[in-house]
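Data block for protein.tsv (TSV, C-alpha atoms):
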chain	number	residue	atom	x	y	z
A	1	MET	CA	0.00	0.00	0.00
A	2	ASP	CA	1.23	3.52	-0.84
A	3	GLU	CA	1.98	5.06	2.57
A	4	ARG	CA	1.41	8.55	1.17
A	5	ALA	CA	-2.06	7.81	-0.23
A	6	PRO	CA	-5.14	8.96	1.72
A	7	ARG	CA	-7.08	6.07	3.21
A	8	ILE	CA	-10.15	5.12	5.12
A	9	HIS	CA	-9.70	3.24	8.40
A	10	VAL	CA	-12.88	1.49	9.49
A	11	LEU	CA	-13.58	1.97	13.22
A	12	GLY	CA	-16.98	0.29	13.61
A	13	GLY	CA	-19.16	-2.37	12.03
A	14	PRO	CA	-18.40	-5.82	10.56
A	15	GLN	CA	-15.33	-4.50	8.71
A	16	LYS	CA	-13.77	-2.89	11.78
A	17	GLY	CA	-10.00	-2.64	11.42
A	18	ARG	CA	-10.03	-2.67	7.61
A	19	GLU	CA	-7.84	-0.09	5.93
A	20	ILE	CA	-8.88	1.08	2.47
A	21	PRO	CA	-6.33	3.01	0.38
A	22	LEU	CA	-7.91	5.68	-1.81
A	23	THR	CA	-6.22	5.28	-5.18
A	24	GLU	CA	-9.24	5.71	-7.48
A	25	GLU	CA	-10.90	8.94	-8.55
A	26	SER	CA	-14.27	7.71	-7.28
A	27	LEU	CA	-15.48	5.05	-4.84
A	28	THR	CA	-19.05	4.07	-4.04
A	29	ILE	CA	-20.36	3.40	-0.52
A	30	GLY	CA	-23.58	1.55	0.22
A	31	ARG	CA	-25.47	-1.62	0.99
A	32	LEU	CA	-25.28	-2.81	-2.62
A	33	ALA	CA	-22.94	-5.81	-2.89
A	34	GLY	CA	-21.03	-4.26	-5.78
A	35	SER	CA	-20.10	-1.10	-3.85
A	36	ASP	CA	-16.42	-0.30	-3.39
A	37	ILE	CA	-17.11	0.01	0.34
A	38	VAL	CA	-20.01	-2.20	1.41
A	39	VAL	CA	-21.96	-1.06	4.48
A	40	ASP	CA	-24.01	-4.01	5.72
A	41	ASP	CA	-26.46	-2.00	7.80
A	42	ARG	CA	-30.24	-1.82	7.53
A	43	LEU	CA	-30.13	1.96	7.81
A	44	ALA	CA	-27.72	2.30	4.88
A	45	SER	CA	-29.12	2.85	1.41
A	46	ARG	CA	-28.14	0.61	-1.52
A	47	ARG	CA	-26.29	3.56	-3.06
A	48	HIS	CA	-25.62	5.65	-0.01
A	49	ALA	CA	-22.61	7.89	-0.63
A	50	ARG	CA	-19.62	8.44	-2.89
A	51	LEU	CA	-15.99	9.41	-2.34
A	52	GLN	CA	-14.87	11.65	-5.19
A	53	MET	CA	-11.55	13.31	-5.98
A	54	GLU	CA	-12.10	16.99	-6.75
A	55	HIS	CA	-9.24	19.44	-7.38
A	56	GLY	CA	-6.73	17.17	-5.67
A	57	GLN	CA	-8.86	16.57	-2.59
A	58	TYR	CA	-11.34	13.83	-1.69
A	59	GLU	CA	-14.93	14.78	-1.00
A	60	ILE	CA	-17.71	12.63	0.37
A	61	ARG	CA	-21.12	13.12	-1.20
A	62	ASP	CA	-24.44	11.80	0.01
A	63	CYS	CA	-26.36	10.15	-2.82
A	64	GLY	CA	-29.83	11.06	-1.58
A	65	SER	CA	-29.87	8.44	1.20
A	66	ARG	CA	-32.88	8.29	3.49
A	67	ASN	CA	-30.92	8.28	6.77
A	68	GLY	CA	-28.07	10.56	5.81
A	69	THR	CA	-24.29	10.63	5.84
A	70	PHE	CA	-22.53	12.18	8.83
A	71	VAL	CA	-19.07	13.74	9.14
A	72	ASN	CA	-17.84	14.53	12.65
A	73	GLY	CA	-21.39	14.11	13.94
A	74	GLU	CA	-22.94	16.56	11.45
A	75	ARG	CA	-25.25	15.44	8.66
A	76	ILE	CA	-23.95	16.67	5.30
A	77	SER	CA	-26.47	18.10	2.87
A	78	GLU	CA	-24.59	17.47	-0.38
A	79	SER	CA	-20.81	17.12	-0.22
A	80	HIS	CA	-18.01	17.63	2.29
A	81	ALA	CA	-14.29	18.13	1.57
A	82	LEU	CA	-12.50	15.64	3.77
A	83	ARG	CA	-9.66	16.61	6.07
A	84	ASP	CA	-7.23	14.41	7.98
A	85	GLY	CA	-9.00	13.04	11.08
A	86	ASP	CA	-12.58	13.47	9.83
A	87	GLU	CA	-14.91	10.72	11.06
A	88	ILE	CA	-17.54	9.39	8.68
A	89	GLN	CA	-20.65	7.64	9.99
A	90	ILE	CA	-23.31	5.76	8.02
A	91	GLY	CA	-26.11	3.77	9.61
A	92	LEU	CA	-25.95	2.37	13.12
A	93	GLU	CA	-22.44	0.94	13.25
A	94	PHE	CA	-20.30	1.99	10.30
A	95	ARG	CA	-17.71	4.54	11.40
A	96	ALA	CA	-14.55	5.32	9.48
A	97	LEU	CA	-11.63	7.69	9.87
A	98	TYR	CA	-10.24	9.61	6.91
A	99	VAL	CA	-6.43	9.61	7.13
A	100	ASP	CA	-4.32	11.85	4.92
A	101	PRO	CA	-0.58	11.47	5.63
A	102	GLU	CA	0.17	14.44	3.36
A	103	ALA	CA	-1.69	16.70	5.79
A	104	THR	CA	1.11	16.50	8.36
A	105	GLY	CA	4.01	15.15	6.32
A	106	ALA	CA	4.28	12.21	8.75
A	107	LEU	CA	3.85	8.53	7.94
A	108	VAL	CA	1.86	8.13	11.13
A	109	THR	CA	-0.57	10.97	11.78
A	110	ASP	CA	-2.45	11.83	14.94
A	111	ALA	CA	-5.59	10.55	13.23
A	112	LEU	CA	-4.01	7.17	12.55
A	113	VAL	CA	-2.70	6.92	16.12
A	114	ARG	CA	-6.23	7.52	17.38
A	115	ALA	CA	-7.56	4.81	15.09
A	116	THR	CA	-4.97	2.05	15.38
A	117	GLY	CA	-2.91	2.65	18.51
A	118	LEU	CA	-3.22	3.97	22.06
A	119	TRP	CA	-4.00	7.66	22.54
A	120	VAL	CA	-3.93	9.64	25.79
A	121	ASP	CA	-6.04	12.80	25.88
A	122	ARG	CA	-4.58	14.85	28.74
A	123	GLU	CA	-7.20	17.58	28.73
A	124	ARG	CA	-10.16	15.19	28.95
A	125	ARG	CA	-8.20	12.59	30.94
A	126	GLU	CA	-9.29	9.90	28.51
A	127	VAL	CA	-7.50	6.86	27.09
A	128	TRP	CA	-8.42	5.57	23.63
A	129	VAL	CA	-7.40	2.22	22.14
A	130	HIS	CA	-8.13	1.41	18.48
A	131	GLY	CA	-10.61	4.27	18.31
A	132	MET	CA	-12.49	3.14	21.42
A	133	LYS	CA	-12.50	5.02	24.72
A	134	LEU	CA	-11.69	3.03	27.85
A	135	ALA	CA	-14.81	3.14	30.01
A	136	PRO	CA	-15.04	3.51	32.90
A	137	PRO	CA	-11.98	5.79	32.98
A	138	VAL	CA	-8.66	4.38	34.15
A	139	SER	CA	-7.57	5.19	37.69
A	140	LYS	CA	-5.49	8.27	38.51
A	141	ALA	CA	-2.40	6.11	39.00
A	142	GLN	CA	-2.93	4.28	35.69
A	143	PHE	CA	-3.42	7.59	33.86
A	144	ARG	CA	-0.25	9.04	35.37
A	145	LEU	CA	1.71	5.94	34.36
A	146	LEU	CA	0.48	6.01	30.77
A	147	THR	CA	1.11	9.75	30.47
A	148	LEU	CA	4.70	9.26	31.63
A	149	LEU	CA	5.50	6.30	29.38
A	150	ARG	CA	3.73	7.86	26.38
A	151	GLU	CA	5.86	11.03	26.52
A	152	HIS	CA	8.80	9.21	24.92
A	153	PRO	CA	7.73	5.91	23.31
A	154	GLY	CA	10.52	3.35	23.38
A	155	ARG	CA	12.38	5.01	26.25
A	156	VAL	CA	12.82	2.77	29.30
A	157	TYR	CA	11.63	4.41	32.53
A	158	SER	CA	13.11	3.13	35.77
A	159	ARG	CA	10.96	2.13	38.70
A	160	ASP	CA	12.20	5.19	40.62
A	161	GLU	CA	11.04	7.47	37.79
A	162	ILE	CA	7.65	5.75	37.78
A	163	VAL	CA	7.26	6.18	41.53
A	164	ALA	CA	8.14	9.88	41.28
A	165	ALA	CA	5.52	10.41	38.55
A	166	VAL	CA	2.73	8.15	39.79
A	167	TRP	CA	3.03	8.45	43.57
A	168	PRO	CA	4.88	11.76	44.17
A	169	GLU	CA	3.37	12.03	47.66
A	170	ASP	CA	4.87	8.63	48.62
A	171	GLU	CA	8.23	8.99	46.90
A	172	GLY	CA	10.15	9.49	50.12
A	173	HIS	CA	8.41	6.61	51.91
A	174	GLY	CA	9.11	3.95	49.31
A	175	VAL	CA	6.77	2.06	46.98
A	176	SER	CA	7.32	-1.67	46.62
A	177	ASP	CA	8.06	-3.42	43.34
A	178	GLU	CA	4.93	-5.48	43.93
A	179	THR	CA	2.80	-2.31	43.98
A	180	ILE	CA	4.28	-1.15	40.68
A	181	ASP	CA	3.83	-4.58	39.07
A	182	ALA	CA	0.23	-4.74	40.25
A	183	LEU	CA	-0.48	-1.32	38.74
A	184	VAL	CA	1.05	-2.35	35.42
A	185	GLY	CA	-0.93	-5.60	35.46
A	186	ARG	CA	-4.25	-3.83	36.02
A	187	LEU	CA	-3.51	-1.34	33.27
A	188	ARG	CA	-2.58	-4.09	30.82
A	189	ARG	CA	-5.85	-5.89	31.52
A	190	ARG	CA	-7.85	-2.71	30.85
A	191	ILE	CA	-6.10	-2.22	27.50
A	192	ALA	CA	-6.33	-5.91	26.56
A	193	ALA	CA	-10.12	-5.74	26.84
A	194	ILE	CA	-9.97	-3.79	23.54
A	195	ASP	CA	-6.64	-4.88	22.05
A	196	ALA	CA	-5.27	-8.18	23.31
A	197	ASP	CA	-2.84	-8.59	20.40
A	198	HIS	CA	-0.27	-5.97	21.37
A	199	ARG	CA	1.47	-5.26	24.67
A	200	TYR	CA	1.70	-1.49	24.93
A	201	VAL	CA	3.45	-1.43	28.31
A	202	VAL	CA	6.56	-3.59	28.02
A	203	THR	CA	8.69	-4.85	30.92
A	204	VAL	CA	12.43	-4.47	30.40
A	205	ARG	CA	13.79	-6.82	33.04
A	206	GLY	CA	16.25	-5.23	35.42
A	207	HIS	CA	15.63	-1.75	34.05
A	208	GLY	CA	11.96	-0.75	34.09
A	209	PHE	CA	9.13	-0.27	31.60
A	210	LYS	CA	8.59	1.29	28.17
A	211	PHE	CA	5.68	2.09	25.85
A	212	THR	CA	5.32	0.89	22.25
A	213	GLN	CA	2.67	1.34	19.57
A	214	PRO	CA	1.69	-1.66	17.38
A	215	TRP	CA	3.66	-0.48	14.31
A	216	GLU	CA	6.80	0.05	16.40
A	217	GLU	CA	7.35	-3.71	16.57
A	218	GLN	CA	8.58	-3.42	12.98
A	219	SER	CA	9.76	0.17	12.70
A	220	SER	CA	9.51	3.57	14.33
A	221	PRO	CA	8.04	6.10	11.88
A	222	PRO	CA	7.74	9.72	12.98
A	223	VAL	CA	4.62	10.67	14.89
A	224	SER	CA	3.14	14.13	15.22
A	225	THR	CA	3.66	15.39	18.76
A	226	THR	CA	0.26	17.05	19.11
A	227	GLY	CA	-1.32	15.44	22.19
A	228	VAL	CA	0.29	12.52	24.00
Same coordinates, now as structure tokens:
Amino acid sequence: MDERAPRIHVLGGPQKGREIPLTEESLTIGRLAGSDIVVDDRLASRRHARLQMEHGQYEIRDCGSRNGTFVNGERISESHALRDGDEIQIGLEFRALYVDPEATGALVTDALVRATGLWVDRERREVWVHGMKLAPPVSKAQFRLLTLLREHPGRVYSRDEIVAAVWPEDEGHGVSDETIDALVGRLRRRIAAIDADHRYVVTVRGHGFKFTQPWEEQSSPPVSTTGV
């Protein structure tokens, strides 16, 4: 797949996780079996919407569907010029993220991190995995740990550094290794409820812990530093 090509990453519905590169001038979306992107949903029309390249930019157009096409929660009347990070929704379950690597000049954009990796929203104190928010929210200690490790993915943080960040009020009194391991274990279980295939918090025996995204098992492409 051309890493520079815009693409659609499916977040919800039967095709969740599918990544669709946009290499054609026009793609059809709908319940019809011959559609380029099939939406198997009773609220989707047979010919529901169309992705169309116009003046070097993809637009999504509603094709007169009964239940509408939504972008970022707003129903579009005719067409909408797509921008990196826009979320498309059709029917009850189909949700997809529009990802345009050219928008940031990075191979891995913030939008793609939100869709396929683990994202920490500091302002809202939320944790998202594969486009799904962890609910109920993680504990204060778990959030502090993730925020620390996520600052510099791949860097190994010592247990002392973790104690200083997670339990600053107890730093001088000592926090046992068992307490740290228990915290890491609980956090891993919360994340695994959504993504059991990748270990985001990695133990480096004798040294501490580090954070990795799924694609970093193979390589470490640049990531926009907006957010955490």
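Among the candidates A:Ile37, A:Ile60, A:Met53, A:Ala141, the one nearest to A:Ala165 when counting only C-alpha atoms is A:Ala141.
Rounded to one decimal, atom CA of A:Ser26 and atom CA of A:Arg75 lie 20.8 Å from each other.
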- Query: Just how far from atom CA of A:Ser35 is atom CA of A:Leu11, in Å to one decimal?
  - Reply: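 Atom CA of A:Ser35 lies at a distance of 18.5 Å from atom CA of A:Leu11.
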Please return as a PDB file with C-alpha atoms, keeping the file's coordinate frame every residue within 7 Å of (-31.1, 6.3, 2.5), taking into account all atoms listed in the file and the file's own coordinates.
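What follows is the written file out-v4.pdb:
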ATOM      1  CA  LEU A  43     -30.130   1.960   7.810  1.00  0.00           C
ATOM      2  CA  ALA A  44     -27.720   2.300   4.880  1.00  0.00           C
ATOM      3  CA  SER A  45     -29.120   2.850   1.410  1.00  0.00           C
ATOM      4  CA  HIS A  48     -25.620   5.650  -0.010  1.00  0.00           C
ATOM      5  CA  GLY A  64     -29.830  11.060  -1.580  1.00  0.00           C
ATOM      6  CA  SER A  65     -29.870   8.440   1.200  1.00  0.00           C
ATOM      7  CA  ARG A  66     -32.880   8.290   3.490  1.00  0.00           C
ATOM      8  CA  ASN A  67     -30.920   8.280   6.770  1.00  0.00           C
ATOM      9  CA  GLY A  68     -28.070  10.560   5.810  1.00  0.00           C
TER      10      GLY A  68
END
- Between atom CA of A:Ala49 and atom CA of A:Gly30, what is the distance, to one decimal in Å?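 Computed distance, atom CA of A:Ala49 to atom CA of A:Gly30, equals 6.5 Å.
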- Item | Protein/DNA/RNA residues near (0.3, -3.0, 38.3), cut 12 Å, only C-alpha atoms, as number ranges by chain | A: 139, 141-142, 145-146, 159, 162-163, 166, 175-190, 201, 203, 209
Using C-alpha atoms, can you write the selected residues to a file as a compact mmCIF listing (two decimals), in the frame of the given file?
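Heads up, here's the output in result38.txt:
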# COMPACT_ATOMS: atom_id res chain seq x y z
CA SER A 139 -7.57 5.19 37.69
CA ALA A 141 -2.40 6.11 39.00
CA GLN A 142 -2.93 4.28 35.69
CA LEU A 145 1.71 5.94 34.36
CA LEU A 146 0.48 6.01 30.77
CA ARG A 159 10.96 2.13 38.70
CA ILE A 162 7.65 5.75 37.78
CA VAL A 163 7.26 6.18 41.53
CA VAL A 166 2.73 8.15 39.79
CA VAL A 175 6.77 2.06 46.98
CA SER A 176 7.32 -1.67 46.62
CA ASP A 177 8.06 -3.42 43.34
CA GLU A 178 4.93 -5.48 43.93
CA THR A 179 2.80 -2.31 43.98
CA ILE A 180 4.28 -1.15 40.68
CA ASP A 181 3.83 -4.58 39.07
CA ALA A 182 0.23 -4.74 40.25
CA LEU A 183 -0.48 -1.32 38.74
CA VAL A 184 1.05 -2.35 35.42
CA GLY A 185 -0.93 -5.60 35.46
CA ARG A 186 -4.25 -3.83 36.02
CA LEU A 187 -3.51 -1.34 33.27
CA ARG A 188 -2.58 -4.09 30.82
CA ARG A 189 -5.85 -5.89 31.52
CA ARG A 190 -7.85 -2.71 30.85
CA VAL A 201 3.45 -1.43 28.31
CA THR A 203 8.69 -4.85 30.92
CA PHE A 209 9.13 -0.27 31.60
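Minimum atom-to-atom distances from A:Gly85, A:Ala196, A:Pro6, A:Glu74 to A:Gln57 were compared using all atoms listed in the file, and the lowest value belongs to A:Pro6.
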- Selection near A:Leu22, 8 Å with only C-alpha atoms, sequence-local residues under 3 positions removed, as a PyMOL selection string: chain A and resi 5-8
- Message: I need the residue nearest A:Pro21 from this list: A:Asp121, A:Glu59, A:Glu151, A:Asp36. Use all atoms listed in the file for the distance.
- Response: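 Using all atoms listed in the file, A:Pro21 sits closest to A:Asp36.
Distance check against A:Ser158 using all atoms listed in the file: of A:Asp100, A:Val204, A:Trp119, A:Arg144, the minimum falls on A:Val204.
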Just the residues within 9 Å of A:Phe211, please, counting all atoms listed in the file, with nothing from its chain fewer than 3 positions along; format it as a tab-separated table (two decimals) with C-alpha atoms, keeping the file's coordinate frame.
chain	number	residue	atom	x	y	z
A	146	LEU	CA	0.48	6.01	30.77
A	149	LEU	CA	5.50	6.30	29.38
A	150	ARG	CA	3.73	7.86	26.38
A	151	GLU	CA	5.86	11.03	26.52
A	152	HIS	CA	8.80	9.21	24.92
A	153	PRO	CA	7.73	5.91	23.31
A	154	GLY	CA	10.52	3.35	23.38
A	155	ARG	CA	12.38	5.01	26.25
A	156	VAL	CA	12.82	2.77	29.30
A	199	ARG	CA	1.47	-5.26	24.67
A	200	TYR	CA	1.70	-1.49	24.93
A	201	VAL	CA	3.45	-1.43	28.31
A	202	VAL	CA	6.56	-3.59	28.02
- Message: Applying 12 Å and all atoms listed in the file, which residues near A:Ala193 remain after dropping the ones on its own chain fewer than 6 positions away? List them as a PyMOL selection string.
- Response: chain A and resi 128-130+132-135+186-187+199
Can we get stretch 66-92 of chain A of that structure written down with N, CA and C atoms, as a PDB file, in the first residue's frame?
ATOM      1  N   ARG A  66     -31.764   7.949   2.596  1.00  0.00           N
ATOM      2  CA  ARG A  66     -32.875   8.289   3.487  1.00  0.00           C
ATOM      3  C   ARG A  66     -32.372   8.715   4.863  1.00  0.00           C
ATOM      4  N   ASN A  67     -31.353   8.043   5.383  1.00  0.00           N
ATOM      5  CA  ASN A  67     -30.919   8.279   6.765  1.00  0.00           C
ATOM      6  C   ASN A  67     -29.669   9.147   6.886  1.00  0.00           C
ATOM      7  N   GLY A  68     -29.125   9.572   5.771  1.00  0.00           N
ATOM      8  CA  GLY A  68     -28.067  10.559   5.806  1.00  0.00           C
ATOM      9  C   GLY A  68     -26.655  10.022   5.995  1.00  0.00           C
ATOM     10  N   THR A  69     -25.713  10.880   5.647  1.00  0.00           N
ATOM     11  CA  THR A  69     -24.288  10.631   5.842  1.00  0.00           C
ATOM     12  C   THR A  69     -23.770  11.692   6.803  1.00  0.00           C
ATOM     13  N   PHE A  70     -22.983  11.268   7.786  1.00  0.00           N
ATOM     14  CA  PHE A  70     -22.528  12.183   8.833  1.00  0.00           C
ATOM     15  C   PHE A  70     -21.004  12.291   8.817  1.00  0.00           C
ATOM     16  N   VAL A  71     -20.511  13.505   9.002  1.00  0.00           N
ATOM     17  CA  VAL A  71     -19.073  13.742   9.143  1.00  0.00           C
ATOM     18  C   VAL A  71     -18.867  14.518  10.429  1.00  0.00           C
ATOM     19  N   ASN A  72     -18.094  13.927  11.332  1.00  0.00           N
ATOM     20  CA  ASN A  72     -17.840  14.528  12.652  1.00  0.00           C
ATOM     21  C   ASN A  72     -19.144  14.864  13.376  1.00  0.00           C
ATOM     22  N   GLY A  73     -20.125  13.966  13.232  1.00  0.00           N
ATOM     23  CA  GLY A  73     -21.392  14.110  13.943  1.00  0.00           C
ATOM     24  C   GLY A  73     -22.403  15.009  13.274  1.00  0.00           C
ATOM     25  N   GLU A  74     -22.028  15.654  12.149  1.00  0.00           N
ATOM     26  CA  GLU A  74     -22.936  16.561  11.446  1.00  0.00           C
ATOM     27  C   GLU A  74     -23.398  15.923  10.148  1.00  0.00           C
ATOM     28  N   ARG A  75     -24.717  15.978   9.911  1.00  0.00           N
ATOM     29  CA  ARG A  75     -25.247  15.443   8.660  1.00  0.00           C
ATOM     30  C   ARG A  75     -24.886  16.382   7.519  1.00  0.00           C
ATOM     31  N   ILE A  76     -24.310  15.828   6.442  1.00  0.00           N
ATOM     32  CA  ILE A  76     -23.945  16.666   5.303  1.00  0.00           C
ATOM     33  C   ILE A  76     -25.131  16.749   4.355  1.00  0.00           C
ATOM     34  N   SER A  77     -25.324  17.918   3.761  1.00  0.00           N
ATOM     35  CA  SER A  77     -26.466  18.105   2.869  1.00  0.00           C
ATOM     36  C   SER A  77     -26.159  17.609   1.460  1.00  0.00           C
ATOM     37  N   GLU A  78     -24.964  17.918   0.961  1.00  0.00           N
ATOM     38  CA  GLU A  78     -24.585  17.469  -0.376  1.00  0.00           C
ATOM     39  C   GLU A  78     -23.201  16.826  -0.361  1.00  0.00           C
ATOM     40  N   SER A  79     -22.170  17.656  -0.215  1.00  0.00           N
ATOM     41  CA  SER A  79     -20.810  17.123  -0.216  1.00  0.00           C
ATOM     42  C   SER A  79     -19.983  17.785   0.869  1.00  0.00           C
ATOM     43  N   HIS A  80     -18.889  17.112   1.236  1.00  0.00           N
ATOM     44  CA  HIS A  80     -18.005  17.628   2.287  1.00  0.00           C
ATOM     45  C   HIS A  80     -16.577  17.308   1.888  1.00  0.00           C
ATOM     46  N   ALA A  81     -15.707  18.332   1.846  1.00  0.00           N
ATOM     47  CA  ALA A  81     -14.291  18.132   1.565  1.00  0.00           C
ATOM     48  C   ALA A  81     -13.629  17.532   2.796  1.00  0.00           C
ATOM     49  N   LEU A  82     -13.044  16.366   2.632  1.00  0.00           N
ATOM     50  CA  LEU A  82     -12.504  15.637   3.770  1.00  0.00           C
ATOM     51  C   LEU A  82     -11.134  16.161   4.175  1.00  0.00           C
ATOM     52  N   ARG A  83     -10.938  16.219   5.494  1.00  0.00           N
ATOM     53  CA  ARG A  83      -9.657  16.605   6.074  1.00  0.00           C
ATOM     54  C   ARG A  83      -9.151  15.468   6.967  1.00  0.00           C
ATOM     55  N   ASP A  84      -7.841  15.438   7.145  1.00  0.00           N
ATOM     56  CA  ASP A  84      -7.230  14.410   7.984  1.00  0.00           C
ATOM     57  C   ASP A  84      -7.896  14.378   9.357  1.00  0.00           C
ATOM     58  N   GLY A  85      -8.367  13.190   9.770  1.00  0.00           N
ATOM     59  CA  GLY A  85      -8.995  13.037  11.078  1.00  0.00           C
ATOM     60  C   GLY A  85     -10.505  13.113  11.055  1.00  0.00           C
ATOM     61  N   ASP A  86     -11.119  13.435   9.902  1.00  0.00           N
ATOM     62  CA  ASP A  86     -12.580  13.472   9.827  1.00  0.00           C
ATOM     63  C   ASP A  86     -13.155  12.067  10.043  1.00  0.00           C
ATOM     64  N   GLU A  87     -14.244  12.003  10.808  1.00  0.00           N
ATOM     65  CA  GLU A  87     -14.909  10.721  11.060  1.00  0.00           C
ATOM     66  C   GLU A  87     -16.220  10.656  10.285  1.00  0.00           C
ATOM     67  N   ILE A  88     -16.357   9.618   9.498  1.00  0.00           N
ATOM     68  CA  ILE A  88     -17.544   9.389   8.676  1.00  0.00           C
ATOM     69  C   ILE A  88     -18.422   8.363   9.363  1.00  0.00           C
ATOM     70  N   GLN A  89     -19.721   8.611   9.405  1.00  0.00           N
ATOM     71  CA  GLN A  89     -20.647   7.642   9.985  1.00  0.00           C
ATOM     72  C   GLN A  89     -21.829   7.443   9.050  1.00  0.00           C
ATOM     73  N   ILE A  90     -22.163   6.161   8.838  1.00  0.00           N
ATOM     74  CA  ILE A  90     -23.305   5.763   8.023  1.00  0.00           C
ATOM     75  C   ILE A  90     -24.038   4.654   8.756  1.00  0.00           C
ATOM     76  N   GLY A  91     -25.335   4.807   8.938  1.00  0.00           N
ATOM     77  CA  GLY A  91     -26.108   3.772   9.613  1.00  0.00           C
ATOM     78  C   GLY A  91     -25.806   3.703  11.094  1.00  0.00           C
ATOM     79  N   LEU A  92     -26.088   2.547  11.678  1.00  0.00           N
ATOM     80  CA  LEU A  92     -25.949   2.374  13.121  1.00  0.00           C
ATOM     81  C   LEU A  92     -24.508   2.145  13.565  1.00  0.00           C
TER      82      LEU A  92
END
